[in-house]
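Working notes, structure below.
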Amino acid sequence: MSDAHDHAVVVGGSLAGLLAARVLSDHFARVTLVERDRYPDTPGYRPGIAQSRHVHVLWSRGLELCEDLFPGLEKELLAAGAHDVGIPSDLLWLTPVGWRRRFASTRLLTFS
C-alpha cells in the first residue's frame, strides 16, 4: 500500500503544467502529467491549444526562474529558434500617446 502523499497528478502539459510538475517532483516520489495532445516530435502547433499559433514569450525574470528549474533551458530554446529581444530597445511600439522611446531596459525570449 502506498502513502497518499507519494504521488502528484498535474492536468495539462502547457508551460504552466510542466513547471508545476517540475516543482512537485522535488516533493513527491512520483508525478504524473496528464495531457490530451501528443507532443510533436518537431516544433509545431498543438491542436488542443487555442493560442498555439500565437507568439509566446518569457520575460527576463520568468526566464531566470525557468533556468533555475531547468538548467540550460535558455541555451536550448535559442538553439531551437527562439529569439532574444530587448524591450523596448529592439522594437517599435505604438502607444495611444505616440511611439514609445527606445532604451535598454529588459529582455525576453520569443517562441511558439
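Naming works like this for the C-alpha cells: A, B, ... for the chains as they're shown, residue 1 at the start of each chain, ligands 1 onward in shown order.
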10 Å contact set for range 13-16 of chain A, only C-alpha atoms, chain neighbours under 4 positions out, as a CSV table (one decimal) with all heavy atoms, in the first residue's frame:
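Printed below is out-v7.csv as written:
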chain,number,residue,atom,x,y,z
A,20,ALA,N,4.8,23.2,-13.0
A,20,ALA,CA,4.2,22.7,-11.8
A,20,ALA,C,4.7,21.3,-11.6
A,20,ALA,O,5.1,20.9,-10.4
A,20,ALA,CB,2.7,22.7,-11.9
A,21,ALA,N,4.8,20.5,-12.6
A,21,ALA,CA,5.3,19.1,-12.5
A,21,ALA,C,6.7,19.1,-12.0
A,21,ALA,O,7.1,18.3,-11.2
A,21,ALA,CB,5.1,18.3,-13.8
A,22,ARG,N,7.5,20.0,-12.5
A,22,ARG,CA,8.9,20.1,-12.1
A,22,ARG,C,9.1,20.4,-10.7
A,22,ARG,O,9.8,19.8,-9.9
A,22,ARG,CB,9.7,21.1,-13.0
A,22,ARG,CG,11.0,21.5,-12.5
A,22,ARG,CD,12.0,20.4,-12.3
A,22,ARG,NE,13.2,20.8,-11.7
A,22,ARG,CZ,13.4,21.0,-10.4
A,22,ARG,NH1,12.4,20.7,-9.5
A,22,ARG,NH2,14.5,21.4,-9.9
A,33,LEU,N,1.9,13.6,-15.3
A,33,LEU,CA,1.3,14.7,-16.1
A,33,LEU,C,0.3,14.2,-17.1
A,33,LEU,O,0.7,13.3,-17.9
A,33,LEU,CB,2.5,15.4,-16.8
A,33,LEU,CG,2.0,16.7,-17.5
A,33,LEU,CD1,2.7,17.9,-16.9
A,33,LEU,CD2,2.4,16.6,-19.0
A,34,VAL,N,-0.9,14.7,-17.1
A,34,VAL,CA,-2.0,14.2,-18.0
A,34,VAL,C,-2.2,15.3,-19.0
A,34,VAL,O,-2.5,16.4,-18.7
A,34,VAL,CB,-3.3,13.9,-17.2
A,34,VAL,CG1,-4.4,13.5,-18.2
A,34,VAL,CG2,-3.0,12.9,-16.1
A,35,GLU,N,-2.0,14.9,-20.3
A,35,GLU,CA,-2.2,15.9,-21.4
A,35,GLU,C,-2.9,15.2,-22.5
A,35,GLU,O,-2.6,14.0,-22.9
A,35,GLU,CB,-0.8,16.3,-21.9
A,35,GLU,CG,-0.8,17.1,-23.2
A,35,GLU,CD,-1.7,18.4,-23.2
A,35,GLU,OE1,-1.6,19.1,-22.1
A,35,GLU,OE2,-2.4,18.6,-24.1
A,36,ARG,N,-3.9,15.8,-23.1
A,36,ARG,CA,-4.8,15.2,-24.1
A,36,ARG,C,-4.1,15.2,-25.5
A,36,ARG,O,-4.4,14.3,-26.3
A,36,ARG,CB,-6.1,15.9,-24.2
A,36,ARG,CG,-6.0,17.3,-24.7
A,36,ARG,CD,-7.4,18.0,-24.8
A,36,ARG,NE,-7.2,19.4,-25.1
A,36,ARG,CZ,-8.3,20.2,-25.1
A,36,ARG,NH1,-9.5,19.8,-24.9
A,36,ARG,NH2,-8.1,21.5,-25.3
A,37,ASP,N,-3.2,16.1,-25.7
A,37,ASP,CA,-2.5,16.1,-27.0
A,37,ASP,C,-1.2,15.3,-26.9
A,37,ASP,O,-0.6,15.2,-25.9
A,37,ASP,CB,-2.1,17.5,-27.5
A,37,ASP,CG,-3.3,18.4,-27.8
A,37,ASP,OD1,-4.4,17.8,-28.3
A,37,ASP,OD2,-3.3,19.6,-27.6
A,38,ARG,N,-0.8,14.8,-28.1
A,38,ARG,CA,0.6,14.2,-28.2
A,38,ARG,C,1.5,15.4,-28.4
A,38,ARG,O,1.2,16.3,-29.2
A,38,ARG,CB,0.7,13.2,-29.3
A,38,ARG,CG,0.0,11.9,-29.0
A,38,ARG,CD,0.2,10.9,-30.2
A,38,ARG,NE,-0.5,9.7,-29.9
A,38,ARG,CZ,0.0,8.6,-29.4
A,38,ARG,NH1,1.3,8.6,-29.1
A,38,ARG,NH2,-0.7,7.6,-29.2
A,39,TYR,N,2.7,15.3,-27.8
A,39,TYR,CA,3.7,16.4,-28.1
A,39,TYR,C,4.3,16.0,-29.5
A,39,TYR,O,4.7,14.9,-29.7
A,39,TYR,CB,4.8,16.4,-27.0
A,39,TYR,CG,4.3,16.9,-25.7
A,39,TYR,CD1,4.2,16.1,-24.6
A,39,TYR,CD2,3.9,18.2,-25.5
A,39,TYR,CE1,3.8,16.5,-23.4
A,39,TYR,CE2,3.5,18.7,-24.3
A,39,TYR,CZ,3.4,17.9,-23.2
A,39,TYR,OH,3.0,18.3,-22.0
A,49,ILE,N,-4.7,23.4,-28.2
A,49,ILE,CA,-4.3,24.7,-27.6
A,49,ILE,C,-4.8,25.8,-28.5
A,49,ILE,O,-4.3,26.0,-29.6
A,49,ILE,CB,-2.8,24.8,-27.4
A,49,ILE,CG1,-2.3,23.6,-26.6
A,49,ILE,CG2,-2.4,26.1,-26.7
A,49,ILE,CD1,-2.8,23.4,-25.2
Shell around range 53-68 of chain A at 9 Å using only C-alpha atoms, local window under 3 positions removed, as a list in words: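 Once the adjacent positions are removed, what remains is Leu19, Gly44, Tyr45, Arg46, Ile49, Ala50, Pro71, Gly72, Leu73, Glu74, Thr106, Arg107, Leu108, Leu109, Thr110, Phe111 and Ser112 of chain A.
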Could you save the residues just selected, with N, CA, C and O atoms, as a PDB file, in the first residue's frame?
ATOM      1  N   LEU A  19       5.964  23.318 -15.577  1.00  0.00           N
ATOM      2  CA  LEU A  19       6.638  23.948 -14.435  1.00  0.00           C
ATOM      3  C   LEU A  19       6.093  23.404 -13.118  1.00  0.00           C
ATOM      4  O   LEU A  19       6.859  23.127 -12.193  1.00  0.00           O
ATOM      5  N   GLY A  44       5.851  22.552 -33.609  1.00  0.00           N
ATOM      6  CA  GLY A  44       4.600  22.631 -34.358  1.00  0.00           C
ATOM      7  C   GLY A  44       3.467  23.052 -33.457  1.00  0.00           C
ATOM      8  O   GLY A  44       3.615  23.148 -32.238  1.00  0.00           O
ATOM      9  N   TYR A  45       2.331  23.312 -34.064  1.00  0.00           N
ATOM     10  CA  TYR A  45       1.154  23.738 -33.324  1.00  0.00           C
ATOM     11  C   TYR A  45       0.455  22.523 -32.731  1.00  0.00           C
ATOM     12  O   TYR A  45       0.437  21.455 -33.320  1.00  0.00           O
ATOM     13  N   ARG A  46      -0.118  22.703 -31.548  1.00  0.00           N
ATOM     14  CA  ARG A  46      -0.857  21.625 -30.890  1.00  0.00           C
ATOM     15  C   ARG A  46      -2.343  21.884 -31.056  1.00  0.00           C
ATOM     16  O   ARG A  46      -2.826  22.964 -30.729  1.00  0.00           O
ATOM     17  N   ILE A  49      -4.708  23.421 -28.190  1.00  0.00           N
ATOM     18  CA  ILE A  49      -4.328  24.695 -27.575  1.00  0.00           C
ATOM     19  C   ILE A  49      -4.799  25.840 -28.475  1.00  0.00           C
ATOM     20  O   ILE A  49      -4.263  26.048 -29.558  1.00  0.00           O
ATOM     21  N   ALA A  50      -5.812  26.581 -28.019  1.00  0.00           N
ATOM     22  CA  ALA A  50      -6.387  27.647 -28.848  1.00  0.00           C
ATOM     23  C   ALA A  50      -5.360  28.708 -29.231  1.00  0.00           C
ATOM     24  O   ALA A  50      -5.375  29.233 -30.338  1.00  0.00           O
ATOM     25  N   PRO A  71      18.187  23.904 -15.779  1.00  0.00           N
ATOM     26  CA  PRO A  71      19.469  24.474 -16.211  1.00  0.00           C
ATOM     27  C   PRO A  71      19.752  24.161 -17.688  1.00  0.00           C
ATOM     28  O   PRO A  71      19.549  23.044 -18.150  1.00  0.00           O
ATOM     29  N   GLY A  72      20.149  25.213 -18.423  1.00  0.00           N
ATOM     30  CA  GLY A  72      20.439  25.054 -19.847  1.00  0.00           C
ATOM     31  C   GLY A  72      19.247  25.319 -20.745  1.00  0.00           C
ATOM     32  O   GLY A  72      19.359  25.250 -21.971  1.00  0.00           O
ATOM     33  N   LEU A  73      18.083  25.638 -20.168  1.00  0.00           N
ATOM     34  CA  LEU A  73      16.868  25.848 -20.965  1.00  0.00           C
ATOM     35  C   LEU A  73      17.030  26.994 -21.956  1.00  0.00           C
ATOM     36  O   LEU A  73      16.661  26.870 -23.117  1.00  0.00           O
ATOM     37  N   GLU A  74      17.576  28.126 -21.511  1.00  0.00           N
ATOM     38  CA  GLU A  74      17.721  29.280 -22.412  1.00  0.00           C
ATOM     39  C   GLU A  74      18.571  28.910 -23.624  1.00  0.00           C
ATOM     40  O   GLU A  74      18.200  29.192 -24.767  1.00  0.00           O
ATOM     41  N   THR A 106      14.954  45.712 -20.474  1.00  0.00           N
ATOM     42  CA  THR A 106      14.819  44.298 -20.126  1.00  0.00           C
ATOM     43  C   THR A 106      14.852  43.477 -21.406  1.00  0.00           C
ATOM     44  O   THR A 106      14.971  44.021 -22.493  1.00  0.00           O
ATOM     45  N   ARG A 107      14.719  42.180 -21.266  1.00  0.00           N
ATOM     46  CA  ARG A 107      14.735  41.319 -22.443  1.00  0.00           C
ATOM     47  C   ARG A 107      13.732  40.203 -22.279  1.00  0.00           C
ATOM     48  O   ARG A 107      13.257  39.939 -21.185  1.00  0.00           O
ATOM     49  N   LEU A 108      13.433  39.566 -23.381  1.00  0.00           N
ATOM     50  CA  LEU A 108      12.575  38.410 -23.359  1.00  0.00           C
ATOM     51  C   LEU A 108      12.974  37.458 -24.469  1.00  0.00           C
ATOM     52  O   LEU A 108      13.698  37.836 -25.394  1.00  0.00           O
ATOM     53  N   LEU A 109      12.540  36.223 -24.353  1.00  0.00           N
ATOM     54  CA  LEU A 109      12.695  35.248 -25.430  1.00  0.00           C
ATOM     55  C   LEU A 109      11.326  35.070 -26.075  1.00  0.00           C
ATOM     56  O   LEU A 109      10.324  34.953 -25.372  1.00  0.00           O
ATOM     57  N   THR A 110      11.270  35.082 -27.406  1.00  0.00           N
ATOM     58  CA  THR A 110      10.017  34.827 -28.124  1.00  0.00           C
ATOM     59  C   THR A 110      10.113  33.472 -28.790  1.00  0.00           C
ATOM     60  O   THR A 110      11.168  33.073 -29.288  1.00  0.00           O
ATOM     61  N   PHE A 111       8.998  32.761 -28.774  1.00  0.00           N
ATOM     62  CA  PHE A 111       8.932  31.429 -29.400  1.00  0.00           C
ATOM     63  C   PHE A 111       7.473  31.016 -29.497  1.00  0.00           C
ATOM     64  O   PHE A 111       6.598  31.651 -28.933  1.00  0.00           O
ATOM     65  N   SER A 112       7.234  29.974 -30.232  1.00  0.00           N
ATOM     66  CA  SER A 112       5.882  29.404 -30.311  1.00  0.00           C
ATOM     67  C   SER A 112       5.937  27.948 -29.938  1.00  0.00           C
ATOM     68  O   SER A 112       6.989  27.354 -29.911  1.00  0.00           O
TER      69      SER A 112
END
Find the residues around range 96-105 of chain A up to 7 Å (only C-alpha atoms counted), leave out those fewer than 3 positions away in its own chain, and share them as a PyMOL selection string. chain A and resi 86-89+93
Write the residues of the selection above to a file with C-alpha atoms, as a tab-separated table (two decimals), in the first residue's frame.
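Below is the file result11.tsv, written as the result:
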chain	number	residue	atom	x	y	z
A	86	GLY	CA	15.50	43.69	-25.92
A	87	ILE	CA	12.41	45.52	-24.66
A	88	PRO	CA	11.79	48.22	-25.72
A	89	SER	CA	15.13	48.73	-27.48
A	93	TRP	CA	5.93	50.19	-30.03
Please give the complete set of residues from chain A that DSSP, run on the backbone, assigns to helix (DSSP H, G or I), formatted as a PDB file with N, CA and C atoms, in the first residue's frame.
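File written: out.pdb
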ATOM      1  N   LEU A  15       3.111  25.085 -20.592  1.00  0.00           N
ATOM      2  CA  LEU A  15       4.301  25.524 -19.862  1.00  0.00           C
ATOM      3  C   LEU A  15       4.019  25.567 -18.364  1.00  0.00           C
ATOM      4  N   ALA A  16       2.835  26.053 -17.991  1.00  0.00           N
ATOM      5  CA  ALA A  16       2.473  26.108 -16.571  1.00  0.00           C
ATOM      6  C   ALA A  16       2.406  24.700 -15.976  1.00  0.00           C
ATOM      7  N   GLY A  17       1.824  23.754 -16.707  1.00  0.00           N
ATOM      8  CA  GLY A  17       1.749  22.380 -16.221  1.00  0.00           C
ATOM      9  C   GLY A  17       3.112  21.741 -16.082  1.00  0.00           C
ATOM     10  N   LEU A  18       3.987  21.989 -17.049  1.00  0.00           N
ATOM     11  CA  LEU A  18       5.344  21.430 -16.989  1.00  0.00           C
ATOM     12  C   LEU A  18       6.124  22.017 -15.813  1.00  0.00           C
ATOM     13  N   LEU A  19       5.964  23.318 -15.577  1.00  0.00           N
ATOM     14  CA  LEU A  19       6.638  23.948 -14.435  1.00  0.00           C
ATOM     15  C   LEU A  19       6.093  23.404 -13.118  1.00  0.00           C
ATOM     16  N   ALA A  20       4.779  23.235 -13.037  1.00  0.00           N
ATOM     17  CA  ALA A  20       4.183  22.674 -11.821  1.00  0.00           C
ATOM     18  C   ALA A  20       4.706  21.264 -11.579  1.00  0.00           C
ATOM     19  N   ALA A  21       4.766  20.453 -12.627  1.00  0.00           N
ATOM     20  CA  ALA A  21       5.272  19.084 -12.479  1.00  0.00           C
ATOM     21  C   ALA A  21       6.723  19.088 -12.015  1.00  0.00           C
ATOM     22  N   ARG A  22       7.515  19.997 -12.543  1.00  0.00           N
ATOM     23  CA  ARG A  22       8.928  20.070 -12.142  1.00  0.00           C
ATOM     24  C   ARG A  22       9.054  20.415 -10.660  1.00  0.00           C
ATOM     25  N   VAL A  23       8.299  21.405 -10.190  1.00  0.00           N
ATOM     26  CA  VAL A  23       8.368  21.803  -8.782  1.00  0.00           C
ATOM     27  C   VAL A  23       7.856  20.677  -7.887  1.00  0.00           C
ATOM     28  N   LEU A  24       6.775  20.030  -8.290  1.00  0.00           N
ATOM     29  CA  LEU A  24       6.228  18.928  -7.490  1.00  0.00           C
ATOM     30  C   LEU A  24       7.198  17.753  -7.401  1.00  0.00           C
ATOM     31  N   SER A  60      12.289  38.450 -18.738  1.00  0.00           N
ATOM     32  CA  SER A  60      13.589  38.196 -18.106  1.00  0.00           C
ATOM     33  C   SER A  60      13.481  37.455 -16.774  1.00  0.00           C
ATOM     34  N   ARG A  61      12.583  37.853 -15.881  1.00  0.00           N
ATOM     35  CA  ARG A  61      12.505  37.183 -14.578  1.00  0.00           C
ATOM     36  C   ARG A  61      11.942  35.766 -14.713  1.00  0.00           C
ATOM     37  N   GLY A  62      10.935  35.590 -15.547  1.00  0.00           N
ATOM     38  CA  GLY A  62      10.406  34.249 -15.794  1.00  0.00           C
ATOM     39  C   GLY A  62      11.464  33.344 -16.388  1.00  0.00           C
ATOM     40  N   LEU A  63      12.272  33.895 -17.283  1.00  0.00           N
ATOM     41  CA  LEU A  63      13.365  33.134 -17.876  1.00  0.00           C
ATOM     42  C   LEU A  63      14.380  32.723 -16.811  1.00  0.00           C
ATOM     43  N   GLU A  64      14.704  33.633 -15.902  1.00  0.00           N
ATOM     44  CA  GLU A  64      15.634  33.304 -14.812  1.00  0.00           C
ATOM     45  C   GLU A  64      15.091  32.165 -13.951  1.00  0.00           C
ATOM     46  N   LEU A  65      13.803  32.237 -13.600  1.00  0.00           N
ATOM     47  CA  LEU A  65      13.195  31.197 -12.768  1.00  0.00           C
ATOM     48  C   LEU A  65      13.159  29.853 -13.492  1.00  0.00           C
ATOM     49  N   CYS A  66      12.824  29.878 -14.780  1.00  0.00           N
ATOM     50  CA  CYS A  66      12.808  28.630 -15.560  1.00  0.00           C
ATOM     51  C   CYS A  66      14.211  28.051 -15.680  1.00  0.00           C
ATOM     52  N   GLU A  67      15.188  28.911 -15.827  1.00  0.00           N
ATOM     53  CA  GLU A  67      16.583  28.451 -15.924  1.00  0.00           C
ATOM     54  C   GLU A  67      17.021  27.798 -14.615  1.00  0.00           C
ATOM     55  N   ASP A  68      16.541  28.310 -13.473  1.00  0.00           N
ATOM     56  CA  ASP A  68      16.844  27.683 -12.183  1.00  0.00           C
ATOM     57  C   ASP A  68      16.265  26.273 -12.110  1.00  0.00           C
ATOM     58  N   LEU A  69      15.046  26.104 -12.631  1.00  0.00           N
ATOM     59  CA  LEU A  69      14.390  24.794 -12.592  1.00  0.00           C
ATOM     60  C   LEU A  69      14.926  23.842 -13.652  1.00  0.00           C
ATOM     61  N   LEU A  73      18.083  25.638 -20.168  1.00  0.00           N
ATOM     62  CA  LEU A  73      16.868  25.848 -20.965  1.00  0.00           C
ATOM     63  C   LEU A  73      17.030  26.994 -21.956  1.00  0.00           C
ATOM     64  N   GLU A  74      17.576  28.126 -21.511  1.00  0.00           N
ATOM     65  CA  GLU A  74      17.721  29.280 -22.412  1.00  0.00           C
ATOM     66  C   GLU A  74      18.571  28.910 -23.624  1.00  0.00           C
ATOM     67  N   LYS A  75      19.676  28.264 -23.396  1.00  0.00           N
ATOM     68  CA  LYS A  75      20.555  27.854 -24.500  1.00  0.00           C
ATOM     69  C   LYS A  75      19.820  26.908 -25.449  1.00  0.00           C
ATOM     70  N   GLU A  76      19.042  25.997 -24.881  1.00  0.00           N
ATOM     71  CA  GLU A  76      18.289  25.039 -25.698  1.00  0.00           C
ATOM     72  C   GLU A  76      17.194  25.741 -26.510  1.00  0.00           C
ATOM     73  N   LEU A  77      16.489  26.698 -25.895  1.00  0.00           N
ATOM     74  CA  LEU A  77      15.453  27.437 -26.619  1.00  0.00           C
ATOM     75  C   LEU A  77      16.060  28.264 -27.753  1.00  0.00           C
ATOM     76  N   LEU A  78      17.177  28.921 -27.481  1.00  0.00           N
ATOM     77  CA  LEU A  78      17.837  29.711 -28.529  1.00  0.00           C
ATOM     78  C   LEU A  78      18.305  28.813 -29.674  1.00  0.00           C
ATOM     79  N   ALA A  79      18.844  27.653 -29.347  1.00  0.00           N
ATOM     80  CA  ALA A  79      19.301  26.711 -30.383  1.00  0.00           C
ATOM     81  C   ALA A  79      18.129  26.189 -31.218  1.00  0.00           C
TER      82      ALA A  79
END
Polymer residues at most 9 Å from Ala29 in chain A, only C-alpha atoms, same-chain spacing of 6 or more positions, as a PyMOL selection string: chain A and resi 5-8
In Å, rounded to a single decimal, give me how far CA of Gln51 in chain A is from CA of Gly12 in chain A.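 CA of Gln51 in chain A lies at a distance of 14.3 Å from CA of Gly12 in chain A.
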Go through chain A and collect every residue that DSSP, computed from the backbone, puts in strand (DSSP E or B); the answer should be as a list of chain:residue names.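 Answer for chain A, restricted to strand (DSSP E or B): A:His7, A:Ala8, A:Val9, A:Val10, A:Val11, A:Arg30, A:Val31, A:Thr32, A:Leu33, A:Val34, A:His56, A:Val57, A:Leu58, A:Trp59, A:His83, A:Asp84, A:Val85, A:Gly86, A:Ile87, A:Leu94, A:Thr95, A:Gly98, A:Trp99, A:Thr106, A:Arg107, A:Leu108, A:Leu109, A:Thr110, A:Phe111.
The gap separating CA of His83 in chain A from CA of Pro43 in chain A is 14.6 Å, in Å to one decimal.
Put simply, CA of Thr95 in chain A is 25.8 Å away from CA of Ala82 in chain A.
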